[in-house]
Structure formats: structure tokens, C-alpha cells
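Asks: Structure provided below as C-alpha cells; questions to follow.
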Amino acid sequence: MTHGISEVVERGMCVGCGSCAVRTSGAIPVTIGRLGVYEASLAGATSGQIAIASKVCPFSDDAKNETVLGDERYPDLDHDTRVGRYLDIFAGRVTDDARVLGSSSGGLTSFLLEELLRDGHVDGVVHVGRGENSELFEYVVSTTVEELASSRKSAYYSTTIADAVSQIRGDGRRYAVVGIPCFIKAFRLIADQMPDLETQFTFYVGLVCGHLKSQFFAESLGWQADVPPDSLARMDFRRKNPNRSSSDYDYEVESHAGERRVRPTSSAVDGKWGYGAFQPEACNFCDDIFAEAADVAFADAWLPEYMDDWRGMNVVVTRDRVVQGIFEAGTARAEIEVERLGVEDAADSQGGNFRHRRVGLAVRLADDIRAGLSVPSKRVEPGYAGVTRRRRALIRQRRAMSRLSLERFDVARRASDISLYIRPMKRAIVQYRVLDALSRGVLSTIRRLLKPLGTKRSV
Ligand SMILES: Cc1cc2nc3c(=O)[nH]c(=O)nc-3n(C[C@H](O)[C@H](O)[C@H](O)COP(=O)(O)OP(=O)(O)OC[C@H]3O[C@@H](n4cnc5c(N)ncnc54)[C@H](O)[C@@H]3O)c2cc1C
């Protein structure tokens, strides 16, 4: 059976991107759900509306996959199964330290967006910035360099494109659209089906993604810094700390009363990305790390040679010649500095991501098929081949922790008692750590180390 948008919604794997709302002019509404993740509702839609929406849903089998979208737009470029099509791959950052500190990594995403705007390649940018309503972040439309600058840094937060795209549709202007891989896929799919939007979306700017977070993630970090959800006014997920490595960053939270707190992200119970806390179910079915349908993808340079530098650095994969030209011109003016990398370096910078999105995905698909559940067809074969029993247990524990975090945080927030979330989460983390050690063979290593001592004593 085809896994269409109905199965996506039924199985709770809607990421809330809003492409279905755009395609059906709102007949399929996308609203924030109980677990802090946007989700579509098909209840009032006709079968015809569901059918056209299914073609633009990034988790539906009725939609083109990332390989097809990449092949269509970049047919002449080299291809790698991990990175997708690529023109150039490099590490880099903006040279102005003040600017780089205001960005998540090397600041090259903001640099490119500013140049696209300044050079007249686009009239505006559709990206995630500070929310004006009750939400901390939302998709916004920036038309000036100043507006762009006020929305830098990563938003680990569930949002939807529906309102922003409705706002610009038909205004006769050209836009760069920014998003994590599934959102880039959503933008490309609606452009594919809606010619008016195809002419408006002129550049697709991707952010490499480990997984998205429910809005609960911001609330949890705030609460752990003594700012409960109803007092939370502002969140900065990526505050750089000169005393630590670039991957060991802080977060800063501000309450409605104006109190600010800064904490190391690693000090929060859910701060480690490997735990999968607040990860929507959709991310368990994603196999795209380098936003393969985007003209350019930006990552953090999680490579040993760059991580010691607390200021941060990007890994960049380009797929478009205009974008490439902007980086070359920026290098010639010494506004940015870059170092060529190979495709292996890019893949190495996302090691954990590939374990989750490729090895983990094969196991999750096989598990769900075995349980008689509908799954989307992915570019990864379902199965357990080459995955040890212990590794499988770790993959399942991580998935369980994502569910647990969402459910228990919902309970904690209703009861205004964070311990109802923290306690079960800590227990699950202990189990995860044991499984992690087992899967890495740590215990057998310890046993091996202890054995000669025991032997000596018995002699
Ligand atoms: C949910 C999420 C998960 C990520 N996971 C990884 C990962 O596992 N590995 C990795 O290497 N990198 C990951 N990244 C990318 C990384 O966090 C940086 O965003 C990236 O390196 C760009 O940094 P920069 O300094 O160039 O961007 P900046 O100069 O800070 O600019 C960022 C730009 O992106 C826009 N933006 C921020 N968040 C969003 C969003 N959610 N949707 C749309 N636009 C947005 C901002 O408005 C701004 O224009 C993730 C990003 C997100 C949002």
C-alpha cells in the first residue's frame, strides 16, 4: 500500500511543514499539536484535496524523493549517496569576529543571504526568525539586511511555512527560502506543483539537520534555568563560550520580567543531541542530512581540526553557480575565509547523524514493517543486516526516549511540575548510557583489561 499523506498524519509522522496547507489554500490546516509540534489535520478535506496535498508532503510516497529533486535541478553535478549532488565542499567562516559571534556556526548562511539580497538576486528571504505572537520563533519574511541580521542563529523549534508563503504568494517578488532538509523538500515540492511559486522561489538554502525539536525543547531548557514555560519570553539556543569548544555552547533564556539566564547546554538533562529528546516522529523517517534538494547546505564543522575554535565554523556544500560565485567574491574581498574539503570530510562531520539516519532508519523501518505498520519508502533498505543486537537495542531506546520526552513533558507542563519530566527522563538516559557502552563494546574492553589482573592474582 502507498504511504500517502493520510498514513503520514495517521502515524503521527507529520512534521508540520505546511506544504499541504499551501497547496490546498488552507483546506488542510496546520496547527500546533499537543506535543509542541505543528501537524496537519485532514478532517475537513475532500479526497481530491488530500490527493494533491499528498504530492507535496515530504514524508509521502506520492511525492518525488530527494534524489529525484536533486537530479532534476543539478543534473551535471557529481553525486555522493551521503551528501547528494555537489559542486564544491569547503569549511569556512566570516572573517569579522563580531559578526561570527552573532551566528550559530561560521555565519556563512547569513553572509550568503545578505549578498543575495544586496546584489538583487532576490527581493526577500523566507526564514525562521523571532516570533511576534505567542511563539518564540516562526517563519518570517525579511526584505532588508537589518531584518536578516536580527534573525540569525539556529531555531531548534517546530514552525510552519504556511503563513509566510501565503503572505508572499502572488506579490511578483523573488525569494530565497531557508529550511532544514524536509522543509527544503516541501518548498521544492510546492514549487514543482505550483508554477507561480516556482518563479518566486529562486534560491533554496538548506541547513543540515540532526533532528528537529518540538517547541517543548525551548520550554524545557528555560524551565531548567528557572524560567517556567509561561514566563519564557526569548531563547538563544546557540551562545558561544570562549572557554569551551565550539560544540560545547551555552543557551540563554529571558523571562517576560527581563531576567536573563545563561547555562551550558550540556548541563541540561536533554541537552545532548544523541538522546533524541523532543524529536518529532517524522525525523525517525528522514534519510536526508545535507538538504539534497537545496542549492547550498550549511552545517557546523564538527571536525576535530575546527572544534577547538570556540568561534565556530561551517561546512558548506554548494550546488549552484551563483551561490558559488558569491562565496568566491567574498573570499577575494577577504570577508570570508574558506578551506577546501572533500566529500569524506563533509560526511565525517556528521558521523552520528549518518548512524541515526541510515543505520537507525533501516532498523526502525524493519521494526515497523514487522509490527504491520505503514512506512514510507526511503532510500535506505529496511533490515537488520550488519547491525548488532546491542546497537539495535540502542536505536530502539533512543526512539523510546523521544516519545517519552514529549509525553512526560506534556504531563509536567500541565501539572506545573518539571520533576514529572526530569525523573523518568533521567532513568531513560541511564538505560541509554548502559546500552551505548554495551554497543560500543566498552564492557568487553573492561573485561579484557581486568582479565590479566585476575589471572596474575590466581597464579
Ligand atoms: C533543527 C536544526 C537542526 C540542526 N542540526 C544540525 C546537525 O545535526 N549538524 C550540523 O552540522 N548542523 C545542524 N544544524 C545547522 C546549524 O545549527 C546551523 O544552522 C548552520 O551551521 C548554519 O550556521 P550559520 O552560522 O551559517 O548560520 P547563521 O548565520 O546563524 O544564520 C542562520 C540562518 O538560518 C535561519 N534559520 C535558523 N533556524 C532555522 C530553521 N529552523 N528553519 C529555517 N531557517 C532557520 C536564520 O533565520 C538565519 O537566517 C541544524 C539546524 C537546525 C535549525
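All residue names refer to the C-alpha cells as shown: chains lettered A, B, ... in order, residues numbered from 1 in each chain, ligands numbered from 1 in order.
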May I have a table of the residues of region 169-256 of chain A lying at most 8 Å from region 311-330 of chain A, giving each one's closest pair of atoms and their distance in Å to one decimal, counting only C-alpha atoms, ordered by chain and ascending residue number, as a Markdown table?
Replies:
```
| residue | atom | partner | partner_atom | distance |
| --- | --- | --- | --- | --- |
| A:Lys240 | CA | A:Arg311 | CA | 6.7 |
| A:Pro242 | CA | A:Arg311 | CA | 7.4 |
| A:Ser246 | CA | A:Gly312 | CA | 5.3 |
```
Asks: Name all residues at most 12 Å from Leu435 (chain A) (count only C-alpha atoms; drop same-chain ones fewer than 5 positions away) and give them as number ranges by chain.
Replies: A: 388-398, 428-430, 440-443
Asks: Quick one: write out the picked residues with C-alpha atoms as a tab-separated table (two decimals), in the first residue's frame?
Replies:
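In the end it all went to out_25.tsv:
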```tsv
chain	number	residue	atom	x	y	z
A	388	THR	CA	24.43	-5.90	16.21
A	389	ARG	CA	21.68	-6.81	18.68
A	390	ARG	CA	23.10	-4.25	21.10
A	391	ARG	CA	23.13	-1.49	18.53
A	392	ARG	CA	19.51	-2.29	17.66
A	393	ALA	CA	18.60	-2.00	21.35
A	394	LEU	CA	20.29	1.42	21.46
A	395	ILE	CA	18.40	2.60	18.36
A	396	ARG	CA	15.10	1.49	19.91
A	397	GLN	CA	15.92	3.12	23.23
A	398	ARG	CA	16.61	6.43	21.51
A	428	ALA	CA	15.81	6.51	30.46
A	429	ILE	CA	19.18	8.22	29.99
A	430	VAL	CA	20.87	5.81	32.40
A	440	ARG	CA	30.47	0.13	21.73
A	441	GLY	CA	31.89	-2.94	23.42
A	442	VAL	CA	33.08	-0.92	26.41
A	443	LEU	CA	32.23	-3.64	28.90
```
Asks: Show which residues sit within 7 Å of region 131-142 of chain A, as a PyMOL selection string. Count only C-alpha atoms, and ignore same-chain residues fewer than 2 positions away.
Replies: chain A and resi 124-129+144+147-148+155+157+159-161+164+234
Asks: Those residues with N, CA and C atoms, as a CSV table (one decimal), in the first residue's frame please?
Replies:
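Final file, result_8.csv:
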```
chain,number,residue,atom,x,y,z
A,124,GLY,N,13.7,39.2,-1.2
A,124,GLY,CA,13.4,38.9,0.2
A,124,GLY,C,13.9,37.5,0.6
A,125,VAL,N,13.8,37.2,1.9
A,125,VAL,CA,14.2,35.9,2.4
A,125,VAL,C,13.1,35.3,3.3
A,126,VAL,N,12.7,34.1,3.0
A,126,VAL,CA,11.7,33.4,3.9
A,126,VAL,C,12.5,32.5,4.8
A,127,HIS,N,12.6,32.8,6.1
A,127,HIS,CA,13.4,32.0,7.0
A,127,HIS,C,12.8,32.1,8.4
A,128,VAL,N,13.4,31.4,9.3
A,128,VAL,CA,12.8,31.4,10.7
A,128,VAL,C,13.5,32.5,11.5
A,129,GLY,N,12.7,33.3,12.1
A,129,GLY,CA,13.2,34.4,13.0
A,129,GLY,C,12.3,34.5,14.3
A,144,THR,N,15.2,43.3,4.2
A,144,THR,CA,16.4,44.2,4.4
A,144,THR,C,17.5,43.4,5.1
A,147,GLU,N,16.8,43.4,8.8
A,147,GLU,CA,15.9,42.4,9.3
A,147,GLU,C,16.6,41.0,9.3
A,148,LEU,N,17.4,40.7,8.3
A,148,LEU,CA,18.1,39.4,8.3
A,148,LEU,C,19.0,39.3,9.5
A,155,ALA,N,17.2,27.9,15.0
A,155,ALA,CA,16.0,27.8,15.8
A,155,ALA,C,15.6,26.3,15.8
A,157,TYR,N,13.2,24.4,16.8
A,157,TYR,CA,11.8,24.8,17.2
A,157,TYR,C,10.9,24.4,16.1
A,159,THR,N,8.1,24.9,13.5
A,159,THR,CA,7.4,26.0,12.9
A,159,THR,C,6.7,25.5,11.6
A,160,THR,N,6.1,26.4,10.9
A,160,THR,CA,5.4,26.0,9.7
A,160,THR,C,5.6,27.1,8.6
A,161,ILE,N,5.6,26.7,7.4
A,161,ILE,CA,5.8,27.8,6.3
A,161,ILE,C,4.5,28.4,5.8
A,164,ALA,N,3.8,32.3,6.1
A,164,ALA,CA,4.8,33.2,5.4
A,164,ALA,C,4.6,33.0,3.9
A,234,ARG,N,12.1,34.7,25.6
A,234,ARG,CA,13.1,34.7,24.5
A,234,ARG,C,14.1,33.5,24.7
```
Asks: Taking only C-alpha atoms into account, name the residue in A:Asp309, A:Asp230, A:Glu219, A:Glu292 that is nearest to Asp270 (chain A).
Replies: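 Among A:Asp309, A:Asp230, A:Glu219, A:Glu292, it is A:Glu219 that comes nearest to Asp270 (chain A).
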Asks: Give me the residues of chain A that have any atom at most 6 Å from an atom of ligand 1; for each, the nearest atom pair and the distance in Å, rounded to one decimal. Use only C-alpha atoms and all ligand atoms, sort by chain and number, and format it as JSON lines.
Replies:
```
{"residue": "A:Ser103", "atom": "CA", "partner": "ligand 1", "partner_atom_place_in_ligand_line": "30 (O)", "distance": 3.4}
{"residue": "A:Ser104", "atom": "CA", "partner": "ligand 1", "partner_atom_place_in_ligand_line": "25 (O)", "distance": 3.9}
{"residue": "A:Ser105", "atom": "CA", "partner": "ligand 1", "partner_atom_place_in_ligand_line": "25 (O)", "distance": 3.4}
{"residue": "A:Gly106", "atom": "CA", "partner": "ligand 1", "partner_atom_place_in_ligand_line": "25 (O)", "distance": 4.4}
{"residue": "A:Gly107", "atom": "CA", "partner": "ligand 1", "partner_atom_place_in_ligand_line": "25 (O)", "distance": 3.4}
{"residue": "A:Leu108", "atom": "CA", "partner": "ligand 1", "partner_atom_place_in_ligand_line": "26 (O)", "distance": 4.1}
{"residue": "A:Thr109", "atom": "CA", "partner": "ligand 1", "partner_atom_place_in_ligand_line": "26 (O)", "distance": 3.8}
{"residue": "A:Ser110", "atom": "CA", "partner": "ligand 1", "partner_atom_place_in_ligand_line": "29 (O)", "distance": 4.0}
{"residue": "A:His127", "atom": "CA", "partner": "ligand 1", "partner_atom_place_in_ligand_line": "44 (N)", "distance": 4.3}
{"residue": "A:Val128", "atom": "CA", "partner": "ligand 1", "partner_atom_place_in_ligand_line": "44 (N)", "distance": 4.1}
{"residue": "A:Gly129", "atom": "CA", "partner": "ligand 1", "partner_atom_place_in_ligand_line": "47 (O)", "distance": 4.9}
{"residue": "A:Ser151", "atom": "CA", "partner": "ligand 1", "partner_atom_place_in_ligand_line": "47 (O)", "distance": 4.6}
{"residue": "A:Arg152", "atom": "CA", "partner": "ligand 1", "partner_atom_place_in_ligand_line": "48 (C)", "distance": 4.1}
{"residue": "A:Lys153", "atom": "CA", "partner": "ligand 1", "partner_atom_place_in_ligand_line": "30 (O)", "distance": 3.2}
{"residue": "A:Ser154", "atom": "CA", "partner": "ligand 1", "partner_atom_place_in_ligand_line": "37 (C)", "distance": 3.7}
{"residue": "A:Ala155", "atom": "CA", "partner": "ligand 1", "partner_atom_place_in_ligand_line": "38 (N)", "distance": 3.9}
{"residue": "A:Tyr156", "atom": "CA", "partner": "ligand 1", "partner_atom_place_in_ligand_line": "1 (C)", "distance": 4.3}
{"residue": "A:Val178", "atom": "CA", "partner": "ligand 1", "partner_atom_place_in_ligand_line": "44 (N)", "distance": 4.8}
{"residue": "A:Gly179", "atom": "CA", "partner": "ligand 1", "partner_atom_place_in_ligand_line": "43 (C)", "distance": 3.8}
{"residue": "A:Ile180", "atom": "CA", "partner": "ligand 1", "partner_atom_place_in_ligand_line": "42 (N)", "distance": 5.7}
{"residue": "A:Leu207", "atom": "CA", "partner": "ligand 1", "partner_atom_place_in_ligand_line": "15 (C)", "distance": 4.9}
{"residue": "A:Val208", "atom": "CA", "partner": "ligand 1", "partner_atom_place_in_ligand_line": "13 (C)", "distance": 4.7}
{"residue": "A:Cys209", "atom": "CA", "partner": "ligand 1", "partner_atom_place_in_ligand_line": "5 (N)", "distance": 3.4}
{"residue": "A:Gly210", "atom": "CA", "partner": "ligand 1", "partner_atom_place_in_ligand_line": "8 (O)", "distance": 3.2}
{"residue": "A:His211", "atom": "CA", "partner": "ligand 1", "partner_atom_place_in_ligand_line": "3 (C)", "distance": 5.3}
{"residue": "A:Leu212", "atom": "CA", "partner": "ligand 1", "partner_atom_place_in_ligand_line": "1 (C)", "distance": 4.1}
{"residue": "A:Phe298", "atom": "CA", "partner": "ligand 1", "partner_atom_place_in_ligand_line": "21 (O)", "distance": 5.0}
{"residue": "A:Ala299", "atom": "CA", "partner": "ligand 1", "partner_atom_place_in_ligand_line": "11 (O)", "distance": 3.6}
{"residue": "A:Asp300", "atom": "CA", "partner": "ligand 1", "partner_atom_place_in_ligand_line": "11 (O)", "distance": 3.6}
{"residue": "A:Asn314", "atom": "CA", "partner": "ligand 1", "partner_atom_place_in_ligand_line": "21 (O)", "distance": 5.5}
```
Asks: So, with only C-alpha atoms as the atoms that count, which of A:Arg358, A:Gly351, A:Ser416, A:Tyr384 lies closest to Thr81 (chain A)?
Replies: A:Arg358
Asks: Quick one: everything within 8 Å of Gly44 (chain A), counting only C-alpha atoms, minus sequence neighbours fewer than 3 positions away in the same chain. Send it as an NGL selection string.
Replies: :A and (27-28 or 41)
Asks: Quick one: write out the picked residues with all heavy atoms as a PDB file, in the first residue's frame?
Replies:
```
ATOM      1  N   ALA A  27      -7.280  24.476   2.986  1.00  0.00           N
ATOM      2  CA  ALA A  27      -8.310  23.453   3.238  1.00  0.00           C
ATOM      3  C   ALA A  27      -7.778  22.398   4.210  1.00  0.00           C
ATOM      4  O   ALA A  27      -8.533  21.777   4.954  1.00  0.00           O
ATOM      5  CB  ALA A  27      -8.730  22.791   1.931  1.00  0.00           C
ATOM      6  N   ILE A  28      -6.469  22.196   4.182  1.00  0.00           N
ATOM      7  CA  ILE A  28      -5.835  21.334   5.195  1.00  0.00           C
ATOM      8  C   ILE A  28      -5.095  22.279   6.145  1.00  0.00           C
ATOM      9  O   ILE A  28      -4.034  22.801   5.806  1.00  0.00           O
ATOM     10  CB  ILE A  28      -4.860  20.322   4.545  1.00  0.00           C
ATOM     11  CG1 ILE A  28      -5.643  19.389   3.616  1.00  0.00           C
ATOM     12  CG2 ILE A  28      -4.101  19.539   5.609  1.00  0.00           C
ATOM     13  CD1 ILE A  28      -4.794  18.372   2.881  1.00  0.00           C
ATOM     14  N   SER A  41      -4.230  18.687   9.746  1.00  0.00           N
ATOM     15  CA  SER A  41      -5.482  17.990  10.024  1.00  0.00           C
ATOM     16  C   SER A  41      -6.210  17.764   8.696  1.00  0.00           C
ATOM     17  O   SER A  41      -6.525  18.717   7.975  1.00  0.00           O
ATOM     18  CB  SER A  41      -6.347  18.820  10.966  1.00  0.00           C
ATOM     19  OG  SER A  41      -7.669  18.319  10.941  1.00  0.00           O
TER      20      SER A  41
END
```
Asks: Find the spatial neighbours of Arg173 (chain A), counting only C-alpha atoms, within a cut-off of 10 Å - ignore same-chain residues fewer than 3 positions away - and output them as a PyMOL selection string.
Replies: chain A and resi 122-124+168-170+197+199-202
Asks: Env of Val205 (chain A): 7 Å cut, atoms = only C-alpha atoms, seq-sep filter 2 positions within chain, self excluded. Answer as a list in words.
Replies: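 The neighbour list is Ala176, Val177, Val178, Gly179, Phe203, Leu207, Ala294, Asp295, Val296 and Ala297 of chain A.
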Asks: Could those selected residues go to a file with C-alpha atoms, as a compact mmCIF listing (two decimals), in the first residue's frame?
Replies:
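Produced file again-v4.txt, reproduced below:
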```txt
# COMPACT_ATOMS: atom_id res chain seq x y z
CA ALA A 176 15.42 32.77 -1.10
CA VAL A 177 13.78 30.16 1.10
CA VAL A 178 15.66 28.69 4.06
CA GLY A 179 14.99 25.43 5.82
CA PHE A 203 17.17 30.08 -4.19
CA LEU A 207 20.51 23.79 6.94
CA ALA A 294 18.82 22.74 -1.80
CA ASP A 295 21.17 24.99 -3.82
CA VAL A 296 23.51 25.07 -0.84
CA ALA A 297 23.66 23.35 2.55
```
Asks: Between CA of His3 (chain A) and CA of Asp61 (chain A), measure the distance and give it in Å to one decimal.
Replies: 5.4 Å
Asks: Rounded to one decimal in Å, what is the spacing between CA of Ile369 (chain A) and CA of Gly18 (chain A)?
Replies: 27.2 Å
Asks: Write down as a PyMOL selection string the residues belonging to region 121-328 of chain A that are assigned alpha helix (DSSP H) by DSSP computed on the backbone.
Replies: chain A and resi 145-149+162-168+181-193+195-200+216-224+304-307+321-328
Asks: Which of region 206-440 of chain A end up as strand (DSSP E or B) when DSSP is run on this backbone - answer as a ChimeraX atom specification?
Replies: /A:206-207,232-239,250-255,260-264,296-300,314-318,336-340
